[in-house]
$ cat protein-v8.txt   # compact mmCIF, C-alpha atoms
# COMPACT_ATOMS: atom_id res chain seq x y z
CA MET A 891 0.65 -10.80 1.38
CA ILE A 892 -0.58 -7.30 0.59
CA ALA A 893 0.22 -4.62 3.14
CA GLY A 894 -1.14 -1.11 3.03
CA LEU A 895 0.72 1.63 4.80
CA GLY A 896 -1.07 4.25 6.85
CA ASN A 897 -1.71 5.63 10.30
CA PRO A 898 -4.24 3.86 12.54
CA ASP A 899 -5.84 6.77 14.38
CA SER A 900 -9.29 7.71 13.01
CA LYS A 901 -8.15 11.31 12.54
CA TYR A 902 -5.84 10.06 9.76
CA GLU A 903 -8.41 7.83 8.04
CA ARG A 904 -8.94 9.95 4.91
CA THR A 905 -5.53 11.61 4.80
CA LEU A 906 -3.37 11.16 1.73
CA HIS A 907 -0.76 9.33 3.81
CA ASN A 908 -3.33 6.54 4.28
CA ALA A 909 -3.67 5.74 0.58
CA GLY A 910 -2.16 2.29 1.26
CA PHE A 911 -4.96 1.58 3.75
CA TRP A 912 -7.49 2.78 1.15
CA PHE A 913 -6.16 0.15 -1.25
CA VAL A 914 -6.37 -2.83 1.12
CA ASP A 915 -9.81 -1.65 2.25
CA ALA A 916 -10.91 -1.62 -1.41
CA LEU A 917 -9.59 -5.18 -1.86
CA LEU A 918 -11.54 -6.27 1.21
CA ARG A 919 -14.75 -4.70 -0.15
CA LYS A 920 -14.31 -6.43 -3.50
CA PHE A 921 -13.15 -9.87 -2.33
CA GLY A 922 -14.76 -10.14 1.09
CA GLY A 923 -13.57 -10.84 4.57
CA GLU A 924 -13.23 -8.88 7.74
CA PHE A 925 -10.24 -7.27 9.38
CA ARG A 926 -9.44 -8.38 12.90
CA TYR A 927 -6.76 -6.97 15.15
CA GLU A 928 -3.92 -9.42 15.79
CA LYS A 929 -1.88 -8.30 18.79
CA LYS A 930 1.23 -10.39 18.00
CA PHE A 931 1.58 -8.50 14.70
CA ASN A 932 0.15 -5.18 15.92
CA SER A 933 -1.88 -5.23 12.72
CA GLU A 934 -5.36 -5.54 11.37
CA ILE A 935 -5.28 -8.65 9.22
CA CYS A 936 -7.63 -10.59 6.99
CA LYS A 937 -7.16 -13.74 4.96
CA THR A 938 -9.15 -13.63 1.73
CA GLN A 939 -9.23 -15.22 -1.70
CA LEU A 940 -8.02 -13.31 -4.75
CA PHE A 941 -8.57 -15.24 -7.94
CA GLY A 942 -8.17 -18.63 -6.29
CA ASN A 943 -5.18 -17.67 -4.15
CA GLU A 944 -5.15 -17.15 -0.39
CA VAL A 945 -3.85 -13.68 0.36
CA TRP A 946 -3.26 -11.90 3.65
CA LEU A 947 -4.36 -8.28 3.72
CA VAL A 948 -2.48 -6.30 6.37
CA LYS A 949 -2.81 -2.84 7.88
CA PRO A 950 -0.01 -2.30 10.45
CA GLN A 951 -1.29 -0.40 13.48
CA SER A 952 2.13 0.86 14.56
CA PHE A 953 1.88 4.18 12.73
CA MET A 954 3.43 4.74 9.32
CA ASN A 955 7.07 5.17 10.28
CA LEU A 956 7.16 1.86 12.21
CA SER A 957 5.37 -0.34 9.66
CA GLY A 958 8.29 -2.67 8.94
CA GLY A 959 8.26 -4.63 12.21
CA PRO A 960 4.63 -5.79 11.95
CA ILE A 961 5.06 -6.70 8.28
CA ARG A 962 8.28 -8.64 9.00
CA GLY A 963 6.52 -10.43 11.87
CA MET A 964 3.78 -11.66 9.56
CA LEU A 965 6.21 -12.71 6.86
CA ASP A 966 8.20 -14.73 9.39
CA TYR A 967 5.18 -16.27 11.11
CA TYR A 968 3.59 -17.44 7.85
CA ARG A 969 6.97 -18.34 6.30
CA LEU A 970 6.57 -15.95 3.40
CA LYS A 971 9.43 -14.42 1.46
CA ALA A 972 9.73 -10.70 0.82
CA ALA A 973 9.22 -11.49 -2.88
CA GLN A 974 5.65 -12.56 -1.95
CA LEU A 975 4.91 -9.12 -0.48
CA LEU A 976 3.18 -6.18 -2.12
CA VAL A 977 3.31 -2.92 -0.14
CA ALA A 978 0.86 -0.16 -1.13
CA HIS A 979 1.75 3.40 -0.15
CA ASP A 980 1.23 7.05 -0.97
CA GLU A 981 3.80 8.54 -3.34
CA ILE A 982 4.41 12.30 -3.45
CA ASP A 983 6.74 11.96 -6.44
CA LEU A 984 3.81 10.89 -8.62
CA PRO A 985 0.95 13.21 -9.49
CA PRO A 986 -2.56 12.33 -8.33
CA GLY A 987 -4.11 10.02 -10.91
CA THR A 988 -0.85 8.12 -11.46
CA VAL A 989 -0.28 4.68 -10.00
CA ARG A 990 2.79 2.52 -10.53
CA LEU A 991 3.90 -1.00 -9.69
CA LYS A 992 7.55 -1.86 -9.28
CA LEU A 993 9.87 -4.40 -7.73
CA GLY A 994 12.58 -3.30 -5.35
CA GLY A 995 14.23 0.06 -5.08
CA GLY A 996 14.81 2.62 -2.40
CA HIS A 997 12.50 4.47 -0.05
CA GLY A 998 12.47 7.78 -1.92
CA GLY A 999 12.34 9.67 1.38
CA HIS A 1000 9.17 7.87 2.51
CA ASN A 1001 9.75 6.98 6.16
CA GLY A 1002 7.21 4.15 6.17
CA MET A 1003 8.96 2.54 3.21
CA ARG A 1004 12.33 3.20 4.85
CA ASP A 1005 11.19 1.12 7.85
CA VAL A 1006 9.77 -1.68 5.69
CA ILE A 1007 13.04 -1.87 3.75
CA GLN A 1008 15.02 -1.90 7.01
CA HIS A 1009 13.02 -4.91 8.27
CA CYS A 1010 12.30 -6.78 5.02
CA GLY A 1011 15.07 -5.78 2.62
CA PRO A 1012 14.39 -3.98 -0.67
CA ASP A 1013 13.22 -6.90 -2.81
CA PHE A 1014 9.43 -6.71 -2.56
CA MET A 1015 6.75 -5.31 -4.85
CA ARG A 1016 5.53 -1.77 -4.36
CA LEU A 1017 2.26 -0.18 -5.38
CA ARG A 1018 2.91 3.55 -5.53
CA LEU A 1019 -0.30 5.60 -5.33
CA GLY A 1020 0.38 9.13 -6.57
CA VAL A 1021 -0.84 11.88 -4.26
CA GLY A 1022 1.22 14.77 -5.66
CA HIS A 1023 3.69 17.10 -4.03
CA PRO A 1024 2.81 20.34 -2.22
CA GLY A 1025 5.65 22.16 -4.00
CA GLU A 1026 8.00 22.69 -1.08
CA LYS A 1027 9.80 20.03 0.95
CA SER A 1028 8.95 21.80 4.21
CA ARG A 1029 5.22 21.38 3.47
CA VAL A 1030 5.25 17.62 2.73
CA SER A 1031 4.35 16.34 6.23
CA ASN A 1032 1.46 18.75 6.61
CA TYR A 1033 0.26 17.93 3.07
CA VAL A 1034 0.15 14.13 3.44
CA LEU A 1035 -1.25 14.21 6.98
CA LYS A 1036 -4.35 16.11 5.88
CA LYS A 1037 -7.28 15.22 3.67
CA GLY A 1038 -6.60 16.10 0.05
CA SER A 1039 -8.69 18.45 -2.04
CA ALA A 1040 -11.75 16.92 -3.69
CA ASP A 1041 -9.86 16.63 -7.00
CA VAL A 1042 -6.81 15.00 -5.41
CA GLU A 1043 -8.92 12.58 -3.36
CA ALA A 1044 -10.93 11.59 -6.45
CA ALA A 1045 -7.70 10.98 -8.39
CA VAL A 1046 -6.28 8.80 -5.60
CA GLU A 1047 -9.55 6.83 -5.48
CA ARG A 1048 -9.19 6.25 -9.25
CA ASN A 1049 -5.62 5.05 -8.56
CA VAL A 1050 -6.99 2.59 -6.02
CA ASP A 1051 -9.67 1.36 -8.44
CA ASP A 1052 -7.09 0.91 -11.22
CA ALA A 1053 -4.79 -0.99 -8.85
CA VAL A 1054 -7.60 -3.29 -7.67
CA ALA A 1055 -8.51 -3.96 -11.31
CA VAL A 1056 -4.95 -5.10 -12.15
CA MET A 1057 -4.66 -7.58 -9.24
CA GLN A 1058 -5.91 -10.48 -11.34
CA VAL A 1059 -3.16 -9.87 -13.90
CA LEU A 1060 -0.56 -9.59 -11.12
CA ILE A 1061 -1.63 -12.86 -9.53
CA GLU A 1062 -2.20 -14.87 -12.71
CA ASP A 1063 0.38 -13.44 -15.13
CA GLY A 1064 3.02 -11.85 -12.92
CA LEU A 1065 4.47 -8.44 -12.17
CA ASN A 1066 5.67 -7.55 -15.68
CA ALA A 1067 2.26 -8.18 -17.24
CA ALA A 1068 0.54 -6.21 -14.45
CA MET A 1069 2.98 -3.32 -14.83
CA LYS A 1070 2.39 -3.23 -18.59
CA LYS A 1071 -1.38 -3.20 -18.17
CA LEU A 1072 -1.40 -0.64 -15.36
CA HIS A 1073 1.23 1.70 -16.78
CA THR A 1074 -0.10 1.78 -20.35
CA LYS A 1075 -3.62 2.51 -19.12
CA GLN A 1076 -2.58 5.99 -18.05
$ encode --input "protein-v8.txt" --output "structure tokens"
Amino acid sequence: MIAGLGNPDSKYERTLHNAGFWFVDALLRKFGGEFRYEKKFNSEICKTQLFGNEVWLVKPQSFMNLSGGPIRGMLDYYRLKAAQLLVAHDEIDLPPGTVRLKLGGGHGGHNGMRDVIQHCGPDFMRLRLGVGHPGEKSRVSNYVLKKGSADVEAAVERNVDDAVAVMQVLIEDGLNAAMKKLHTKQ
């Protein structure tokens, strides 16, 4: 299962905080399918094929800071383990143009990730899409809840493209091989 984090309201569609949604939307464009709203999960979901494997793409519609419940509901319903989950999210601690994969860890102050960890535990894969930091902690919320500059948005789109390109390695060769390919590219 691949879950992208974001906010569902159309006014947030191209904000930096929705980088996780950008990623699952890019997977859908490349591999096909159509999102449908599933009330019992409060999520837009789509089952698609990635390199011969059935994969659920998920966009929780509960707003960023409450993403964990819908994701946990899908994991439970489809009897998936947290280790079978990849969560894509914006990452202010990485500069735009930097994307990283990792397994486990903390939330790093990201409230959406905090909620996912609370509901699913820490042992899932993360795709961290760098969006940069506004320079002051007090400006973070305003920064991520707005559209980025043209340069920042272009860099995040490159992050998304690089992440989509490494999915075959992740699925066929595992996390370590995907991390090596993705992290040495930059």
$ residues_around --input "protein-v8.txt" --residues "range 968-975 of chain A" --least-positions-apart "6" --cutoff "7 Å" --atoms "all atoms listed in the file" --output "PDB file with C-alpha atoms, in the coordinates of the input"
ATOM      1  CA  MET A 891       0.650 -10.800   1.380  1.00  0.00           C
ATOM      2  CA  ILE A 892      -0.580  -7.300   0.590  1.00  0.00           C
ATOM      3  CA  CYS A1010      12.300  -6.780   5.020  1.00  0.00           C
ATOM      4  CA  ASP A1013      13.220  -6.900  -2.810  1.00  0.00           C
ATOM      5  CA  PHE A1014       9.430  -6.710  -2.560  1.00  0.00           C
ATOM      6  CA  MET A1015       6.750  -5.310  -4.850  1.00  0.00           C
TER       7      MET A1015
END
$ closest_atom_pairs --input "protein-v8.txt" --of "range 996-1075 of chain A" --to "range 920-931 of chain A" --cutoff "12 Å" --atoms "all atoms listed in the file" --output "CSV"
residue,atom,partner,partner_atom,distance
A:Val1050,CA,A:Lys920,CA,11.9
A:Asp1051,CA,A:Lys920,CA,10.3
A:Val1054,CA,A:Lys920,CA,8.5
A:Ala1055,CA,A:Lys920,CA,10.0
A:Met1057,CA,A:Phe921,CA,11.2
A:Gln1058,CA,A:Phe921,CA,11.6
$ closest_atom_pairs --input "protein-v8.txt" --of "range 926-1009 of chain A" --to "range 1066-1075 of chain A" --cutoff "12 Å" --atoms "all atoms listed in the file" --output "tab-separated table"
residue	atom	partner	partner_atom	distance
A:Gly987	CA	A:Lys1075	CA	11.1
A:Thr988	CA	A:His1073	CA	8.6
A:Val989	CA	A:His1073	CA	7.6
A:Arg990	CA	A:His1073	CA	6.5
A:Leu991	CA	A:Met1069	CA	5.7
A:Lys992	CA	A:Met1069	CA	7.3
A:Leu993	CA	A:Asn1066	CA	9.5
$ residues_around --input "protein-v8.txt" --residues "range 907-910 of chain A" --least-positions-apart "5" --cutoff "8 Å" --atoms "all atoms listed in the file" --output "VMD selection string"
chain A and resid 893 to 897 902 977 to 980 1019 1034 to 1036 1046
$ closest_residue --input "protein-v8.txt" --among "A:Glu1062, A:Leu947, A:Ser900, A:Ala1044" --to "Ala916 in chain A" --atoms "all atoms listed in the file"
A:Leu947
$ closest_residue --input "protein-v8.txt" --among "A:Gly1025, A:Pro950, A:Gly1020, A:Gly1011" --to "Glu1047 in chain A" --atoms "all atoms listed in the file"
A:Gly1020
$ atom_distance --input "protein-v8.txt" --atom1 "CA of His1000 in chain A" --atom2 "CA of Met954 in chain A"
9.4 Å
$ closest_residue --input "protein-v8.txt" --among "A:Glu903, A:Arg962, A:Leu1065, A:Phe953" --to "Ile1007 in chain A" --atoms "all atoms listed in the file"
A:Arg962
$ atom_distance --input "protein-v8.txt" --atom1 "CA of Pro1024 in chain A" --atom2 "CA of Leu984 in chain A"
11.5 Å
$ atom_distance --input "protein-v8.txt" --atom1 "CA of Trp946 in chain A" --atom2 "CA of Leu918 in chain A"
10.3 Å
$ axis_aligned_box --input "protein-v8.txt" --around "range 1007-1015 of chain A" --padding-each-side "4 Å" --output "AutoDock Vina command-line options"
--center_x 10.9 --center_y -4.4 --center_z 1.7 --size_x 16.3 --size_y 13.0 --size_z 21.1
$ decode --input "protein-v8.txt" --residues "range 943-985 of chain A" --atoms "N, CA and C atoms" --output "JSON list (two decimals), in the first residue's frame"
[["chain", "number", "residue", "atom", "x", "y", "z"],
["A", 943, "ASN", "N", 2.63, -6.40, -9.44],
["A", 943, "ASN", "CA", 2.15, -6.49, -8.07],
["A", 943, "ASN", "C", 0.94, -5.59, -7.88],
["A", 944, "GLU", "N", -0.10, -6.13, -7.23],
["A", 944, "GLU", "CA", -1.26, -5.31, -6.89],
["A", 944, "GLU", "C", -0.87, -4.37, -5.76],
["A", 945, "VAL", "N", -1.18, -3.09, -5.95],
["A", 945, "VAL", "CA", -0.84, -2.08, -4.97],
["A", 945, "VAL", "C", -2.04, -1.16, -4.78],
["A", 946, "TRP", "N", -2.34, -0.86, -3.53],
["A", 946, "TRP", "CA", -3.37, 0.13, -3.22],
["A", 946, "TRP", "C", -2.71, 1.48, -3.14],
["A", 947, "LEU", "N", -3.26, 2.45, -3.86],
["A", 947, "LEU", "CA", -2.87, 3.84, -3.73],
["A", 947, "LEU", "C", -3.93, 4.51, -2.87],
["A", 948, "VAL", "N", -3.51, 5.31, -1.91],
["A", 948, "VAL", "CA", -4.43, 5.87, -0.92],
["A", 948, "VAL", "C", -4.14, 7.35, -0.70],
["A", 949, "LYS", "N", -5.22, 8.13, -0.70],
["A", 949, "LYS", "CA", -5.14, 9.54, -0.32],
["A", 949, "LYS", "C", -6.18, 9.77, 0.78],
["A", 950, "PRO", "N", -5.77, 9.74, 2.07],
["A", 950, "PRO", "CA", -6.72, 9.99, 3.15],
["A", 950, "PRO", "C", -7.40, 11.35, 2.95],
["A", 951, "GLN", "N", -8.67, 11.40, 3.23],
["A", 951, "GLN", "CA", -9.45, 12.64, 3.06],
["A", 951, "GLN", "C", -9.80, 13.26, 4.40],
["A", 952, "SER", "N", -9.05, 12.93, 5.42],
["A", 952, "SER", "CA", -9.32, 13.37, 6.79],
["A", 952, "SER", "C", -8.52, 14.60, 7.19],
["A", 953, "PHE", "N", -7.84, 15.20, 6.26],
["A", 953, "PHE", "CA", -6.89, 16.27, 6.49],
["A", 953, "PHE", "C", -5.61, 15.69, 7.10],
["A", 954, "MET", "N", -4.53, 16.36, 6.78],
["A", 954, "MET", "CA", -3.17, 15.88, 7.06],
["A", 954, "MET", "C", -2.99, 15.34, 8.48],
["A", 955, "ASN", "N", -3.39, 16.11, 9.47],
["A", 955, "ASN", "CA", -3.06, 15.75, 10.85],
["A", 955, "ASN", "C", -3.87, 14.59, 11.40],
["A", 956, "LEU", "N", -4.81, 14.06, 10.62],
["A", 956, "LEU", "CA", -5.62, 12.91, 11.03],
["A", 956, "LEU", "C", -5.52, 11.77, 10.01],
["A", 957, "SER", "N", -4.37, 11.66, 9.36],
["A", 957, "SER", "CA", -4.18, 10.67, 8.29],
["A", 957, "SER", "C", -4.04, 9.23, 8.80],
["A", 958, "GLY", "N", -3.62, 9.05, 10.02],
["A", 958, "GLY", "CA", -3.32, 7.72, 10.53],
["A", 958, "GLY", "C", -4.51, 6.79, 10.61],
["A", 959, "GLY", "N", -5.66, 7.29, 11.04],
["A", 959, "GLY", "CA", -6.86, 6.44, 11.16],
["A", 959, "GLY", "C", -7.28, 5.81, 9.85],
["A", 960, "PRO", "N", -7.43, 6.59, 8.77],
["A", 960, "PRO", "CA", -7.78, 6.00, 7.49],
["A", 960, "PRO", "C", -6.75, 4.98, 6.99],
["A", 961, "ILE", "N", -5.48, 5.29, 7.17],
["A", 961, "ILE", "CA", -4.43, 4.35, 6.72],
["A", 961, "ILE", "C", -4.51, 3.06, 7.54],
["A", 962, "ARG", "N", -4.65, 3.18, 8.85],
["A", 962, "ARG", "CA", -4.76, 1.98, 9.71],
["A", 962, "ARG", "C", -5.99, 1.17, 9.32],
["A", 963, "GLY", "N", -7.10, 1.83, 9.03],
["A", 963, "GLY", "CA", -8.31, 1.13, 8.61],
["A", 963, "GLY", "C", -8.10, 0.30, 7.37],
["A", 964, "MET", "N", -7.38, 0.84, 6.40],
["A", 964, "MET", "CA", -7.11, 0.07, 5.18],
["A", 964, "MET", "C", -6.16, -1.09, 5.45],
["A", 965, "LEU", "N", -5.13, -0.83, 6.24],
["A", 965, "LEU", "CA", -4.20, -1.92, 6.57],
["A", 965, "LEU", "C", -4.96, -3.07, 7.23],
["A", 966, "ASP", "N", -5.81, -2.75, 8.18],
["A", 966, "ASP", "CA", -6.56, -3.79, 8.89],
["A", 966, "ASP", "C", -7.53, -4.51, 7.96],
["A", 967, "TYR", "N", -8.27, -3.78, 7.18],
["A", 967, "TYR", "CA", -9.29, -4.36, 6.32],
["A", 967, "TYR", "C", -8.67, -5.33, 5.29],
["A", 968, "TYR", "N", -7.54, -4.94, 4.73],
["A", 968, "TYR", "CA", -6.89, -5.78, 3.72],
["A", 968, "TYR", "C", -5.81, -6.68, 4.30],
["A", 969, "ARG", "N", -5.74, -6.72, 5.63],
["A", 969, "ARG", "CA", -4.79, -7.59, 6.34],
["A", 969, "ARG", "C", -3.35, -7.37, 5.89],
["A", 970, "LEU", "N", -2.98, -6.12, 5.83],
["A", 970, "LEU", "CA", -1.62, -5.75, 5.47],
["A", 970, "LEU", "C", -0.87, -5.35, 6.73],
["A", 971, "LYS", "N", 0.42, -5.59, 6.72],
["A", 971, "LYS", "CA", 1.27, -5.21, 7.84],
["A", 971, "LYS", "C", 1.84, -3.81, 7.56],
["A", 972, "ALA", "N", 2.21, -3.12, 8.62],
["A", 972, "ALA", "CA", 2.81, -1.80, 8.46],
["A", 972, "ALA", "C", 4.07, -1.87, 7.59],
["A", 973, "ALA", "N", 4.78, -2.99, 7.63],
["A", 973, "ALA", "CA", 5.98, -3.15, 6.80],
["A", 973, "ALA", "C", 5.66, -3.15, 5.30],
["A", 974, "GLN", "N", 4.39, -3.33, 4.94],
["A", 974, "GLN", "CA", 3.97, -3.30, 3.54],
["A", 974, "GLN", "C", 3.46, -1.92, 3.12],
["A", 975, "LEU", "N", 3.70, -0.93, 3.95],
["A", 975, "LEU", "CA", 3.20, 0.43, 3.74],
["A", 975, "LEU", "C", 4.34, 1.37, 3.39],
["A", 976, "LEU", "N", 4.11, 2.18, 2.37],
["A", 976, "LEU", "CA", 4.99, 3.30, 2.04],
["A", 976, "LEU", "C", 4.15, 4.57, 2.18],
["A", 977, "VAL", "N", 4.61, 5.51, 2.99],
["A", 977, "VAL", "CA", 3.92, 6.78, 3.18],
["A", 977, "VAL", "C", 4.78, 7.88, 2.56],
["A", 978, "ALA", "N", 4.20, 8.61, 1.62],
["A", 978, "ALA", "CA", 4.87, 9.73, 0.96],
["A", 978, "ALA", "C", 4.40, 11.03, 1.60],
["A", 979, "HIS", "N", 5.35, 11.91, 1.92],
["A", 979, "HIS", "CA", 5.00, 13.17, 2.57],
["A", 979, "HIS", "C", 6.03, 14.25, 2.28],
["A", 980, "ASP", "N", 5.60, 15.50, 2.47],
["A", 980, "ASP", "CA", 6.49, 16.64, 2.36],
["A", 980, "ASP", "C", 7.47, 16.63, 3.53],
["A", 981, "GLU", "N", 8.67, 17.13, 3.28],
["A", 981, "GLU", "CA", 9.71, 17.12, 4.32],
["A", 981, "GLU", "C", 10.43, 18.47, 4.31],
["A", 982, "ILE", "N", 10.19, 19.29, 5.34],
["A", 982, "ILE", "CA", 10.83, 20.61, 5.40],
["A", 982, "ILE", "C", 12.31, 20.52, 5.75],
["A", 983, "ASP", "N", 12.75, 19.41, 6.33],
["A", 983, "ASP", "CA", 14.15, 19.26, 6.70],
["A", 983, "ASP", "C", 15.04, 18.85, 5.54],
["A", 984, "LEU", "N", 14.46, 18.68, 4.36],
["A", 984, "LEU", "CA", 15.22, 18.40, 3.15],
["A", 984, "LEU", "C", 15.00, 19.54, 2.16],
["A", 985, "PRO", "N", 16.05, 19.97, 1.49],
["A", 985, "PRO", "CA", 15.86, 21.04, 0.52],
["A", 985, "PRO", "C", 15.06, 20.57, -0.70]]
